[in-house]
>>> print(open('work23.cif').read())   # mmCIF, C-alpha atoms and all ligand atoms
data_model
loop_
_atom_site.group_PDB
_atom_site.id
_atom_site.type_symbol
_atom_site.label_atom_id
_atom_site.label_comp_id
_atom_site.auth_asym_id
_atom_site.auth_seq_id
_atom_site.Cartn_x
_atom_site.Cartn_y
_atom_site.Cartn_z
ATOM 1 C CA MET R 1 48.090 -40.232 9.012
ATOM 2 C CA THR R 2 46.945 -37.153 10.852
ATOM 3 C CA ARG R 3 45.162 -34.352 9.086
ATOM 4 C CA THR R 4 44.628 -31.126 10.868
ATOM 5 C CA ARG R 5 41.555 -29.106 9.919
ATOM 6 C CA PRO R 6 42.296 -25.530 9.038
ATOM 7 C CA ALA R 7 41.689 -23.163 11.906
ATOM 8 C CA PRO R 8 38.282 -21.437 11.804
ATOM 9 C CA PRO R 9 38.463 -18.327 9.642
ATOM 10 C CA GLN R 10 37.473 -15.931 12.425
ATOM 11 C CA ALA R 11 40.718 -16.950 14.153
ATOM 12 C CA PRO R 12 43.007 -16.976 11.119
ATOM 13 C CA SER R 13 46.182 -18.977 11.453
ATOM 14 C CA THR R 14 48.180 -16.895 9.050
ATOM 15 C CA GLY R 15 48.683 -13.226 8.530
ATOM 16 C CA ALA R 16 47.485 -13.515 4.947
ATOM 17 C CA GLN R 17 44.179 -15.059 6.056
ATOM 18 C CA ALA R 18 43.754 -12.390 8.694
ATOM 19 C CA THR R 19 44.303 -9.690 6.076
ATOM 20 C CA LEU R 20 41.785 -11.303 3.706
ATOM 21 C CA TYR R 21 39.249 -11.548 6.478
ATOM 22 C CA GLN R 22 39.725 -7.873 7.397
ATOM 23 C CA GLN R 23 39.378 -6.895 3.723
ATOM 24 C CA LEU R 24 36.157 -8.867 3.455
ATOM 25 C CA ARG R 25 34.794 -7.104 6.539
ATOM 26 C CA ALA R 26 35.867 -3.763 5.063
ATOM 27 C CA HIS R 27 34.060 -4.580 1.775
ATOM 28 C CA LEU R 28 30.888 -5.406 3.671
ATOM 29 C CA ALA R 29 31.216 -2.141 5.614
ATOM 30 C CA VAL R 30 31.702 -0.063 2.435
ATOM 31 C CA LEU R 31 28.654 -1.756 0.880
ATOM 32 C CA LYS R 32 26.728 -1.143 4.134
ATOM 33 C CA LEU R 33 25.876 -4.837 4.415
ATOM 34 C CA ALA R 34 25.727 -4.602 8.196
ATOM 35 C CA ASP R 35 23.782 -7.811 8.761
ATOM 36 C CA ALA R 36 26.104 -9.840 6.536
ATOM 37 C CA ALA R 37 29.094 -8.315 8.379
ATOM 38 C CA GLU R 38 27.578 -9.181 11.735
ATOM 39 C CA HIS R 39 26.963 -12.792 10.713
ATOM 40 C CA LEU R 40 30.203 -13.257 8.804
ATOM 41 C CA PRO R 41 32.071 -15.086 11.611
ATOM 42 C CA ALA R 42 29.167 -17.493 12.208
ATOM 43 C CA VAL R 43 28.732 -18.197 8.483
ATOM 44 C CA LEU R 44 32.470 -18.816 8.042
ATOM 45 C CA ASP R 45 32.382 -21.137 11.079
ATOM 46 C CA ALA R 46 29.429 -23.024 9.609
ATOM 47 C CA ALA R 47 31.128 -23.164 6.210
ATOM 48 C CA ALA R 48 34.172 -24.839 7.774
ATOM 49 C CA ALA R 49 32.144 -27.128 10.043
ATOM 50 C CA GLU R 50 29.721 -28.228 7.290
ATOM 51 C CA ASP R 51 32.291 -28.219 4.518
ATOM 52 C CA LEU R 52 30.136 -25.796 2.515
ATOM 53 C CA SER R 53 31.087 -24.886 -1.029
ATOM 54 C CA VAL R 54 32.036 -21.267 -1.668
ATOM 55 C CA THR R 55 28.701 -20.858 -3.491
ATOM 56 C CA ALA R 56 26.728 -22.248 -0.548
ATOM 57 C CA ALA R 57 28.585 -20.088 1.968
ATOM 58 C CA LEU R 58 28.085 -16.931 -0.116
ATOM 59 C CA GLU R 59 24.400 -17.769 -0.572
ATOM 60 C CA ARG R 60 23.987 -18.227 3.171
ATOM 61 C CA LEU R 61 25.722 -14.945 3.966
ATOM 62 C CA LEU R 62 23.803 -12.914 1.375
ATOM 63 C CA SER R 63 20.440 -14.468 2.237
ATOM 64 C CA ILE R 64 20.902 -13.078 5.765
ATOM 65 C CA GLU R 65 21.392 -9.605 4.293
ATOM 66 C CA VAL R 66 18.451 -10.022 1.881
ATOM 67 C CA ASP R 67 16.102 -11.107 4.713
ATOM 68 C CA ALA R 68 17.158 -8.153 6.854
ATOM 69 C CA THR R 69 16.778 -5.720 3.923
ATOM 70 C CA GLN R 70 13.298 -7.008 3.119
ATOM 71 C CA ALA R 71 12.255 -6.720 6.768
ATOM 72 C CA ARG R 72 13.556 -3.121 6.872
ATOM 73 C CA ARG R 73 11.726 -2.224 3.657
ATOM 74 C CA LEU R 74 8.482 -3.747 4.921
ATOM 75 C CA ALA R 75 8.778 -1.810 8.191
ATOM 76 C CA GLY R 76 9.449 1.351 6.155
ATOM 77 C CA ARG R 77 6.409 0.789 3.918
ATOM 78 C CA LEU R 78 4.179 0.135 6.934
ATOM 79 C CA ARG R 79 5.478 3.295 8.657
ATOM 80 C CA PHE R 80 4.890 5.336 5.510
ATOM 81 C CA ALA R 81 1.368 3.901 5.064
ATOM 82 C CA CYS R 82 0.099 5.561 8.290
ATOM 83 C CA LEU R 83 -2.406 2.763 8.905
ATOM 84 C CA PRO R 84 -4.845 4.179 11.492
ATOM 85 C CA THR R 85 -5.831 0.809 12.999
ATOM 86 C CA PRO R 86 -4.351 -2.694 13.346
ATOM 87 C CA ALA R 87 -7.209 -4.120 11.205
ATOM 88 C CA THR R 88 -6.344 -6.968 8.834
ATOM 89 C CA LEU R 89 -8.352 -8.739 6.143
ATOM 90 C CA ASP R 90 -7.927 -11.962 8.104
ATOM 91 C CA ASP R 91 -9.871 -10.684 11.090
ATOM 92 C CA PHE R 92 -12.778 -9.389 9.014
ATOM 93 C CA ASP R 93 -15.929 -11.320 9.879
ATOM 94 C CA TYR R 94 -17.990 -11.880 6.737
ATOM 95 C CA ASP R 95 -20.978 -13.177 8.686
ATOM 96 C CA ALA R 96 -21.203 -9.783 10.385
ATOM 97 C CA ALA R 97 -21.205 -7.828 7.116
ATOM 98 C CA THR R 98 -24.106 -7.991 4.709
ATOM 99 C CA GLY R 99 -23.416 -7.609 1.038
ATOM 100 C CA ILE R 100 -19.707 -8.454 1.200
ATOM 101 C CA ASP R 101 -18.692 -11.361 -1.005
ATOM 102 C CA PRO R 102 -15.670 -13.091 0.580
ATOM 103 C CA HIS R 103 -14.507 -14.164 -2.885
ATOM 104 C CA LEU R 104 -14.404 -10.562 -4.035
ATOM 105 C CA ILE R 105 -12.282 -9.575 -1.009
ATOM 106 C CA ALA R 106 -10.049 -12.605 -1.606
ATOM 107 C CA ASP R 107 -9.634 -11.448 -5.206
ATOM 108 C CA LEU R 108 -8.763 -7.913 -4.055
ATOM 109 C CA ALA R 109 -6.313 -9.385 -1.535
ATOM 110 C CA THR R 110 -4.267 -10.823 -4.414
ATOM 111 C CA GLY R 111 -3.443 -7.235 -5.408
ATOM 112 C CA ARG R 112 -4.393 -7.771 -9.063
ATOM 113 C CA TYR R 113 -6.564 -4.625 -8.971
ATOM 114 C CA LEU R 114 -3.390 -2.626 -8.311
ATOM 115 C CA GLU R 115 -1.835 -3.855 -11.556
ATOM 116 C CA SER R 116 -4.811 -2.586 -13.574
ATOM 117 C CA ALA R 117 -5.146 0.708 -11.634
ATOM 118 C CA THR R 118 -8.630 -0.376 -10.566
ATOM 119 C CA ASN R 119 -10.269 1.750 -7.872
ATOM 120 C CA VAL R 120 -12.345 0.471 -4.970
ATOM 121 C CA LEU R 121 -15.338 2.336 -3.591
ATOM 122 C CA LEU R 122 -16.663 1.189 -0.221
ATOM 123 C CA ILE R 123 -20.132 2.542 0.510
ATOM 124 C CA GLY R 124 -22.177 1.941 3.638
ATOM 125 C CA PRO R 125 -23.503 3.400 6.868
ATOM 126 C CA PRO R 126 -21.137 4.021 9.803
ATOM 127 C CA GLY R 127 -19.693 1.016 11.606
ATOM 128 C CA VAL R 128 -20.130 -1.656 8.948
ATOM 129 C CA GLY R 129 -16.405 -2.200 8.415
ATOM 130 C CA LYS R 130 -15.519 0.164 5.558
ATOM 131 C CA THR R 131 -12.380 1.477 7.262
ATOM 132 C CA HIS R 132 -11.548 -2.051 8.425
ATOM 133 C CA LEU R 133 -11.584 -3.378 4.848
ATOM 134 C CA ALA R 134 -9.769 -0.349 3.426
ATOM 135 C CA VAL R 135 -7.026 -0.581 6.074
ATOM 136 C CA GLY R 136 -6.844 -4.361 5.644
ATOM 137 C CA LEU R 137 -6.334 -3.932 1.895
ATOM 138 C CA ALA R 138 -3.774 -1.188 2.522
ATOM 139 C CA ARG R 139 -1.859 -3.392 4.962
ATOM 140 C CA LYS R 140 -1.878 -6.273 2.469
ATOM 141 C CA ALA R 141 -0.647 -3.987 -0.316
ATOM 142 C CA ALA R 142 2.186 -2.669 1.878
ATOM 143 C CA GLU R 143 3.106 -6.230 2.863
ATOM 144 C CA ASP R 144 3.169 -7.225 -0.806
ATOM 145 C CA GLY R 145 5.661 -4.481 -1.600
ATOM 146 C CA TYR R 146 3.386 -1.706 -2.870
ATOM 147 C CA ARG R 147 3.866 1.871 -1.762
ATOM 148 C CA THR R 148 0.675 2.600 0.178
ATOM 149 C CA TYR R 149 -0.737 5.638 1.961
ATOM 150 C CA VAL R 150 -3.891 6.026 4.049
ATOM 151 C CA THR R 151 -5.559 9.358 4.754
ATOM 152 C CA THR R 152 -9.045 10.767 5.266
ATOM 153 C CA ALA R 153 -10.866 13.096 2.896
ATOM 154 C CA ALA R 154 -10.793 15.820 5.572
ATOM 155 C CA ASP R 155 -7.026 15.414 6.168
ATOM 156 C CA LEU R 156 -6.308 15.399 2.456
ATOM 157 C CA ALA R 157 -8.322 18.618 2.018
ATOM 158 C CA ALA R 158 -6.623 20.280 5.016
ATOM 159 C CA ARG R 159 -3.174 19.285 3.810
ATOM 160 C CA CYS R 160 -3.829 20.599 0.310
ATOM 161 C CA HIS R 161 -5.196 23.820 1.824
ATOM 162 C CA ARG R 162 -1.966 24.350 3.819
ATOM 163 C CA ALA R 163 0.078 23.428 0.762
ATOM 164 C CA ALA R 164 -1.694 26.069 -1.334
ATOM 165 C CA ILE R 165 -1.028 28.736 1.307
ATOM 166 C CA GLU R 166 2.614 27.750 1.698
ATOM 167 C CA GLY R 167 3.357 27.465 -2.012
ATOM 168 C CA ARG R 168 3.776 23.687 -1.950
ATOM 169 C CA TRP R 169 0.801 22.754 -4.102
ATOM 170 C CA ALA R 170 2.761 20.984 -6.849
ATOM 171 C CA THR R 171 4.861 19.029 -4.324
ATOM 172 C CA THR R 172 1.742 17.940 -2.447
ATOM 173 C CA MET R 173 -0.003 16.846 -5.651
ATOM 174 C CA ARG R 174 3.107 14.830 -6.539
ATOM 175 C CA PHE R 175 3.007 13.282 -3.063
ATOM 176 C CA PHE R 176 -0.576 12.091 -3.554
ATOM 177 C CA ALA R 177 0.254 10.816 -7.042
ATOM 178 C CA GLY R 178 3.095 8.687 -5.680
ATOM 179 C CA PRO R 179 1.620 5.745 -3.776
ATOM 180 C CA THR R 180 0.544 2.683 -5.781
ATOM 181 C CA LEU R 181 -2.423 2.535 -3.422
ATOM 182 C CA LEU R 182 -3.981 5.640 -1.875
ATOM 183 C CA VAL R 183 -6.829 5.158 0.617
ATOM 184 C CA ILE R 184 -9.112 8.158 1.145
ATOM 185 C CA ASP R 185 -11.308 7.305 4.111
ATOM 186 C CA GLU R 186 -14.482 8.986 5.327
ATOM 187 C CA LEU R 187 -15.643 11.004 2.364
ATOM 188 C CA GLY R 188 -18.898 12.645 3.369
ATOM 189 C CA TYR R 189 -18.542 12.730 7.151
ATOM 190 C CA LEU R 190 -17.472 16.351 7.040
ATOM 191 C CA PRO R 191 -18.589 18.747 4.313
ATOM 192 C CA LEU R 192 -15.660 19.689 2.106
ATOM 193 C CA PRO R 193 -15.123 23.344 1.275
ATOM 194 C CA ALA R 194 -15.055 24.074 -2.478
ATOM 195 C CA GLU R 195 -11.274 24.204 -2.389
ATOM 196 C CA GLY R 196 -11.183 20.796 -0.640
ATOM 197 C CA ALA R 197 -13.480 19.286 -3.247
ATOM 198 C CA SER R 198 -11.253 20.659 -5.973
ATOM 199 C CA ALA R 199 -8.124 19.199 -4.284
ATOM 200 C CA LEU R 200 -9.834 15.814 -3.988
ATOM 201 C CA PHE R 201 -10.824 15.976 -7.646
ATOM 202 C CA GLN R 202 -7.270 16.776 -8.711
ATOM 203 C CA VAL R 203 -5.848 13.911 -6.655
ATOM 204 C CA ILE R 204 -8.347 11.431 -8.145
ATOM 205 C CA ALA R 205 -7.891 12.855 -11.656
ATOM 206 C CA GLN R 206 -4.099 12.619 -11.665
ATOM 207 C CA ARG R 207 -4.222 9.019 -10.410
ATOM 208 C CA TYR R 208 -6.927 8.047 -12.908
ATOM 209 C CA THR R 209 -5.866 5.134 -15.186
ATOM 210 C CA LYS R 210 -2.385 5.144 -13.595
ATOM 211 C CA THR R 211 -2.759 3.801 -10.089
ATOM 212 C CA SER R 212 -5.417 2.641 -7.612
ATOM 213 C CA THR R 213 -7.405 4.642 -5.094
ATOM 214 C CA ILE R 214 -9.741 3.271 -2.417
ATOM 215 C CA VAL R 215 -12.471 5.650 -1.238
ATOM 216 C CA THR R 216 -14.827 4.959 1.650
ATOM 217 C CA THR R 217 -18.036 6.897 2.149
ATOM 218 C CA ASN R 218 -21.189 6.789 4.207
ATOM 219 C CA ARG R 219 -23.088 8.712 1.542
ATOM 220 C CA PRO R 220 -24.707 7.275 -1.574
ATOM 221 C CA ILE R 221 -23.227 8.405 -4.868
ATOM 222 C CA THR R 222 -26.416 10.353 -5.562
ATOM 223 C CA SER R 223 -25.551 12.804 -2.777
ATOM 224 C CA TRP R 224 -21.920 13.406 -3.739
ATOM 225 C CA GLY R 225 -23.023 16.619 -5.390
ATOM 226 C CA GLN R 226 -23.933 17.870 -1.906
ATOM 227 C CA ILE R 227 -20.767 16.515 -0.274
ATOM 228 C CA LEU R 228 -18.577 18.224 -2.832
ATOM 229 C CA GLY R 229 -20.766 21.320 -3.075
ATOM 230 C CA ASP R 230 -20.827 21.088 -6.848
ATOM 231 C CA THR R 231 -22.593 18.532 -9.043
ATOM 232 C CA THR R 232 -20.235 19.091 -11.988
ATOM 233 C CA VAL R 233 -17.148 18.359 -9.862
ATOM 234 C CA ALA R 234 -18.956 15.365 -8.325
ATOM 235 C CA ALA R 235 -19.843 13.979 -11.755
ATOM 236 C CA ALA R 236 -16.314 14.473 -13.101
ATOM 237 C CA LEU R 237 -14.826 12.871 -9.991
ATOM 238 C CA LEU R 238 -17.220 9.887 -10.146
ATOM 239 C CA ASP R 239 -16.447 9.501 -13.838
ATOM 240 C CA ARG R 240 -12.769 8.917 -13.060
ATOM 241 C CA LEU R 241 -13.266 7.011 -9.845
ATOM 242 C CA LEU R 242 -15.794 4.550 -11.292
ATOM 243 C CA HIS R 243 -14.433 4.134 -14.802
ATOM 244 C CA ARG R 244 -12.475 1.068 -13.762
ATOM 245 C CA SER R 245 -13.638 0.149 -10.312
ATOM 246 C CA VAL R 246 -14.973 -2.322 -7.812
ATOM 247 C CA VAL R 247 -17.892 -0.986 -5.787
ATOM 248 C CA LEU R 248 -18.673 -2.620 -2.466
ATOM 249 C CA ASP R 249 -21.992 -1.610 -1.016
ATOM 250 C CA ILE R 250 -21.864 -2.845 2.561
ATOM 251 C CA GLY R 251 -25.268 -3.371 4.043
ATOM 252 C CA GLY R 252 -26.641 -3.873 0.536
ATOM 253 C CA ASP R 253 -25.591 -6.016 -2.368
ATOM 254 C CA SER R 254 -21.950 -6.186 -3.302
ATOM 255 C CA TYR R 255 -21.449 -5.776 -6.942
ATOM 256 C CA ARG R 256 -18.714 -5.082 -9.342
ATOM 257 C CA LEU R 257 -18.284 -2.366 -11.892
ATOM 258 C CA ARG R 258 -15.571 -2.935 -14.409
ATOM 259 C CA ASP R 259 -15.893 -0.653 -17.432
ATOM 260 C CA HIS R 260 -19.592 -1.016 -16.830
ATOM 261 C CA HIS R 261 -20.722 2.036 -18.708
ATOM 262 C CA ALA R 262 -24.453 1.564 -18.325
ATOM 263 C CA ARG R 263 -24.204 1.543 -14.573
ATOM 264 C CA THR R 264 -21.652 4.319 -14.432
ATOM 265 C CA HIS R 265 -23.866 6.375 -16.695
ATOM 266 C CA THR R 266 -26.793 5.941 -14.325
ATOM 267 C CA LEU R 267 -24.648 6.973 -11.361
ATOM 268 C CA ARG R 268 -23.259 9.942 -13.230
ATOM 269 C CA ALA R 269 -26.729 11.066 -14.203
ATOM 270 C CA ALA R 270 -27.791 10.675 -10.585
ATOM 271 C CA ALA R 271 -24.875 12.823 -9.420
ATOM 272 C CA HIS R 272 -25.780 15.490 -11.995
ATOM 273 C CA HIS R 273 -29.345 15.662 -10.810
ATOM 274 C CA GLY R 274 -28.828 14.747 -7.166
HETATM 275 P P1 LIG H 301 -16.833 2.126 9.190
HETATM 276 O O1 LIG H 301 -15.553 2.596 8.665
HETATM 277 O O2 LIG H 301 -17.716 1.461 8.175
HETATM 278 O O3 LIG H 301 -17.584 3.183 9.940
HETATM 279 P P2 LIG H 301 -15.168 0.442 10.836
HETATM 280 O O4 LIG H 301 -14.409 -0.276 9.818
HETATM 281 O O5 LIG H 301 -14.464 1.549 11.542
HETATM 282 O O6 LIG H 301 -16.561 0.977 10.260
HETATM 283 O O7 LIG H 301 -15.737 -0.601 11.881
HETATM 284 C C1 LIG H 301 -16.034 -0.231 13.224
HETATM 285 C C2 LIG H 301 -15.400 -1.266 14.159
HETATM 286 O O8 LIG H 301 -16.020 -2.525 13.981
HETATM 287 C C3 LIG H 301 -13.928 -1.471 13.882
HETATM 288 O O9 LIG H 301 -13.264 -1.747 15.091
HETATM 289 C C4 LIG H 301 -13.908 -2.696 12.990
HETATM 290 O O10 LIG H 301 -12.695 -3.413 13.129
HETATM 291 C C5 LIG H 301 -15.098 -3.483 13.481
HETATM 292 N N1 LIG H 301 -15.793 -4.213 12.427
HETATM 293 C C6 LIG H 301 -16.781 -3.749 11.624
HETATM 294 N N2 LIG H 301 -17.217 -4.682 10.782
HETATM 295 C C7 LIG H 301 -16.480 -5.786 11.047
HETATM 296 C C8 LIG H 301 -16.461 -7.125 10.519
HETATM 297 N N3 LIG H 301 -17.312 -7.506 9.533
HETATM 298 N N4 LIG H 301 -15.577 -8.002 11.036
HETATM 299 C C9 LIG H 301 -14.752 -7.629 12.030
HETATM 300 N N5 LIG H 301 -14.729 -6.406 12.583
HETATM 301 C C10 LIG H 301 -15.572 -5.476 12.106
HETATM 302 MG MG MG H 302 -14.697 4.419 8.942
#
>>> encode(input="work23.cif", output="structure tokens", more="lines below")
Ligand code: ADP
Ligand code: MG
Amino acid sequence: MTRTRPAPPQAPSTGAQATLYQQLRAHLAVLKLADAAEHLPAVLDAAAAEDLSVTAALERLLSIEVDATQARRLAGRLRFACLPTPATLDDFDYDAATGIDPHLIADLATGRYLESATNVLLIGPPGVGKTHLAVGLARKAAEDGYRTYVTTAADLAARCHRAAIEGRWATTMRFFAGPTLLVIDELGYLPLPAEGASALFQVIAQRYTKTSTIVTTNRPITSWGQILGDTTVAAALLDRLLHRSVVLDIGGDSYRLRDHHARTHTLRAAAHHG
């Protein structure tokens, strides 16, 4: 007895099969499933060759589309994030940084802080790896699917200044409210004009309790009054930033503040009087 295998679907033996195949391709085109469409002939070949069930063949086809979609989304998130350096958490050398607890960074790398809208404050002198850690955390967050954006305090202030002039203040505030993780690098390197300090305060205030912000600074909290040109604004900003936060003092001890009112109170008092 001779049994002939059906011809491979990409070379249909009957007009009806050819029509079905063309309809399937058209469906994929309408749904913009370009990767599934591209791999359709190969998957149908494999389905025939391996005697795959309809379920298995569909799963194989759609998993190709899902992989491609996830890769596109990741690339989009990384583009949006504007990471300034290729730094990753993996290439951070803990032996070279004093006061950084690897377990604390490993805990942050899980992204749990993002779920509780916990902020991270990285304090330390220039060159100790503050930007490296902030960018590494931002990269990890983007990789894990969180909308992430990295900027500097000076850029944020300049952008808000332009927005105010051009009548786009509300849009710009919404923009800075959007990311699940916002990194504000280099607070304190350049003095902020009063308007810049006020923009920074508004960005921190509107994100407060909703979503996480990482701030890096080379200046101790006690001198934020000077950085921001106003001790009241500095105290109000620190209040929100530190209320639920992890503080990493690089070059000193690393320690954690989580609803730690006593400590926050001390810092606040210092900012008032600093
Ligand atoms: P900061 O922001 O504190 O001024 P950076 O993060 O820009 O410092 O670090 C300066 C350079 O040194 C960067 O290229 C950074 O990748 C590198 N660097 C600093 N600390 C470390 C570290 N502990 N492990 C690996 N690289 C580091
Ligand atoms: Mg830096």
>>> atom_distance(input="work23.cif", atom1="atom C7 of ligand LIG 301 (chain H)", atom2="atom CA of R:Arg77")
24.9 Å
>>> residues_near_ligand(input="work23.cif", ligand="ligand MG 302 (chain H)", cutoff="7 Å", atoms="all atoms listed in the file", output="JSON, numbers by chain")
{"R": [126, 127, 129, 130, 131, 185, 186]}
>>> closest_atom_pairs(input="work23.cif", of="chain R", to="ligand LIG 301 (chain H)", cutoff="7 Å", atoms="only C-alpha atoms and all ligand atoms", output="CSV")
residue,atom,partner,partner_atom,distance
R:Ala87,CA,H:LIG301,O10,5.9
R:Asp91,CA,H:LIG301,C9,5.8
R:Phe92,CA,H:LIG301,N4,3.7
R:Asp93,CA,H:LIG301,N4,3.5
R:Tyr94,CA,H:LIG301,N3,5.2
R:Asp95,CA,H:LIG301,N3,6.8
R:Ala96,CA,H:LIG301,N3,4.6
R:Ala97,CA,H:LIG301,N3,4.6
R:Gly124,CA,H:LIG301,O2,6.4
R:Pro125,CA,H:LIG301,O2,6.2
R:Pro126,CA,H:LIG301,O3,3.7
R:Gly127,CA,H:LIG301,O6,3.4
R:Val128,CA,H:LIG301,O2,4.0
R:Gly129,CA,H:LIG301,O4,3.1
R:Lys130,CA,H:LIG301,O2,3.7
R:Thr131,CA,H:LIG301,O1,3.6
R:His132,CA,H:LIG301,O4,3.6
R:Leu133,CA,H:LIG301,O4,6.5
>>> residues_around(input="work23.cif", residues="R:Ala42", least_positions_apart="2", cutoff="12 Å", atoms="all atoms listed in the file", output="PyMOL selection string")
chain R and resi 8-11+35-40+44-50+57+60-61+64
>>> write_last_selection(input="work23.cif", atoms="C-alpha atoms", output="short mmCIF file (atom, residue, chain, number, x, y, z; two decimals), in the coordinates of the input")
data_model
loop_
_atom_site.label_atom_id
_atom_site.label_comp_id
_atom_site.auth_asym_id
_atom_site.auth_seq_id
_atom_site.Cartn_x
_atom_site.Cartn_y
_atom_site.Cartn_z
CA PRO R 8 38.28 -21.44 11.80
CA PRO R 9 38.46 -18.33 9.64
CA GLN R 10 37.47 -15.93 12.42
CA ALA R 11 40.72 -16.95 14.15
CA ASP R 35 23.78 -7.81 8.76
CA ALA R 36 26.10 -9.84 6.54
CA ALA R 37 29.09 -8.32 8.38
CA GLU R 38 27.58 -9.18 11.74
CA HIS R 39 26.96 -12.79 10.71
CA LEU R 40 30.20 -13.26 8.80
CA LEU R 44 32.47 -18.82 8.04
CA ASP R 45 32.38 -21.14 11.08
CA ALA R 46 29.43 -23.02 9.61
CA ALA R 47 31.13 -23.16 6.21
CA ALA R 48 34.17 -24.84 7.77
CA ALA R 49 32.14 -27.13 10.04
CA GLU R 50 29.72 -28.23 7.29
CA ALA R 57 28.58 -20.09 1.97
CA ARG R 60 23.99 -18.23 3.17
CA LEU R 61 25.72 -14.94 3.97
CA ILE R 64 20.90 -13.08 5.76
#
>>> resolve_selection(input="work23.cif", expression="the PyMOL selection byres (((chain R and resi 211-223) around 7) and not hetatm)", output="PDB file with C-alpha atoms, in the frame of the given file")
ATOM      1  CA  LEU R 114      -3.390  -2.626  -8.311  1.00  0.00           C
ATOM      2  CA  ALA R 117      -5.146   0.708 -11.634  1.00  0.00           C
ATOM      3  CA  THR R 118      -8.630  -0.376 -10.566  1.00  0.00           C
ATOM      4  CA  ASN R 119     -10.269   1.750  -7.872  1.00  0.00           C
ATOM      5  CA  VAL R 120     -12.345   0.471  -4.970  1.00  0.00           C
ATOM      6  CA  LEU R 121     -15.338   2.336  -3.591  1.00  0.00           C
ATOM      7  CA  LEU R 122     -16.663   1.189  -0.221  1.00  0.00           C
ATOM      8  CA  ILE R 123     -20.132   2.542   0.510  1.00  0.00           C
ATOM      9  CA  GLY R 124     -22.177   1.941   3.638  1.00  0.00           C
ATOM     10  CA  PRO R 125     -23.503   3.400   6.868  1.00  0.00           C
ATOM     11  CA  PRO R 126     -21.137   4.021   9.803  1.00  0.00           C
ATOM     12  CA  LYS R 130     -15.519   0.164   5.558  1.00  0.00           C
ATOM     13  CA  ALA R 134      -9.769  -0.349   3.426  1.00  0.00           C
ATOM     14  CA  THR R 180       0.544   2.683  -5.781  1.00  0.00           C
ATOM     15  CA  LEU R 181      -2.423   2.535  -3.422  1.00  0.00           C
ATOM     16  CA  LEU R 182      -3.981   5.640  -1.875  1.00  0.00           C
ATOM     17  CA  VAL R 183      -6.829   5.158   0.617  1.00  0.00           C
ATOM     18  CA  ILE R 184      -9.112   8.158   1.145  1.00  0.00           C
ATOM     19  CA  ASP R 185     -11.308   7.305   4.111  1.00  0.00           C
ATOM     20  CA  GLU R 186     -14.482   8.986   5.327  1.00  0.00           C
ATOM     21  CA  LEU R 187     -15.643  11.004   2.364  1.00  0.00           C
ATOM     22  CA  GLY R 188     -18.898  12.645   3.369  1.00  0.00           C
ATOM     23  CA  ARG R 207      -4.222   9.019 -10.410  1.00  0.00           C
ATOM     24  CA  TYR R 208      -6.927   8.047 -12.908  1.00  0.00           C
ATOM     25  CA  THR R 209      -5.866   5.134 -15.186  1.00  0.00           C
ATOM     26  CA  LYS R 210      -2.385   5.144 -13.595  1.00  0.00           C
ATOM     27  CA  TRP R 224     -21.920  13.406  -3.739  1.00  0.00           C
ATOM     28  CA  GLY R 225     -23.023  16.619  -5.390  1.00  0.00           C
ATOM     29  CA  GLN R 226     -23.933  17.870  -1.906  1.00  0.00           C
ATOM     30  CA  ILE R 227     -20.767  16.515  -0.274  1.00  0.00           C
ATOM     31  CA  LEU R 267     -24.648   6.973 -11.361  1.00  0.00           C
ATOM     32  CA  ALA R 270     -27.791  10.675 -10.585  1.00  0.00           C
ATOM     33  CA  ALA R 271     -24.875  12.823  -9.420  1.00  0.00           C
ATOM     34  CA  GLY R 274     -28.828  14.747  -7.166  1.00  0.00           C
TER      35      GLY R 274
END
>>> closest_residue(input="work23.cif", among="R:Lys140, R:Arg79, R:Arg168, R:Lys32", to="R:Ile105", atoms="all atoms listed in the file")
R:Lys140
>>> closest_residue(input="work23.cif", among="R:Asp239, R:Glu115, R:Asp230, R:Asp90", to="R:Ile204", atoms="all atoms listed in the file")
R:Asp239
>>> atom_distance(input="work23.cif", atom1="atom CA of R:Leu137", atom2="atom CA of R:Ala75")
16.5 Å
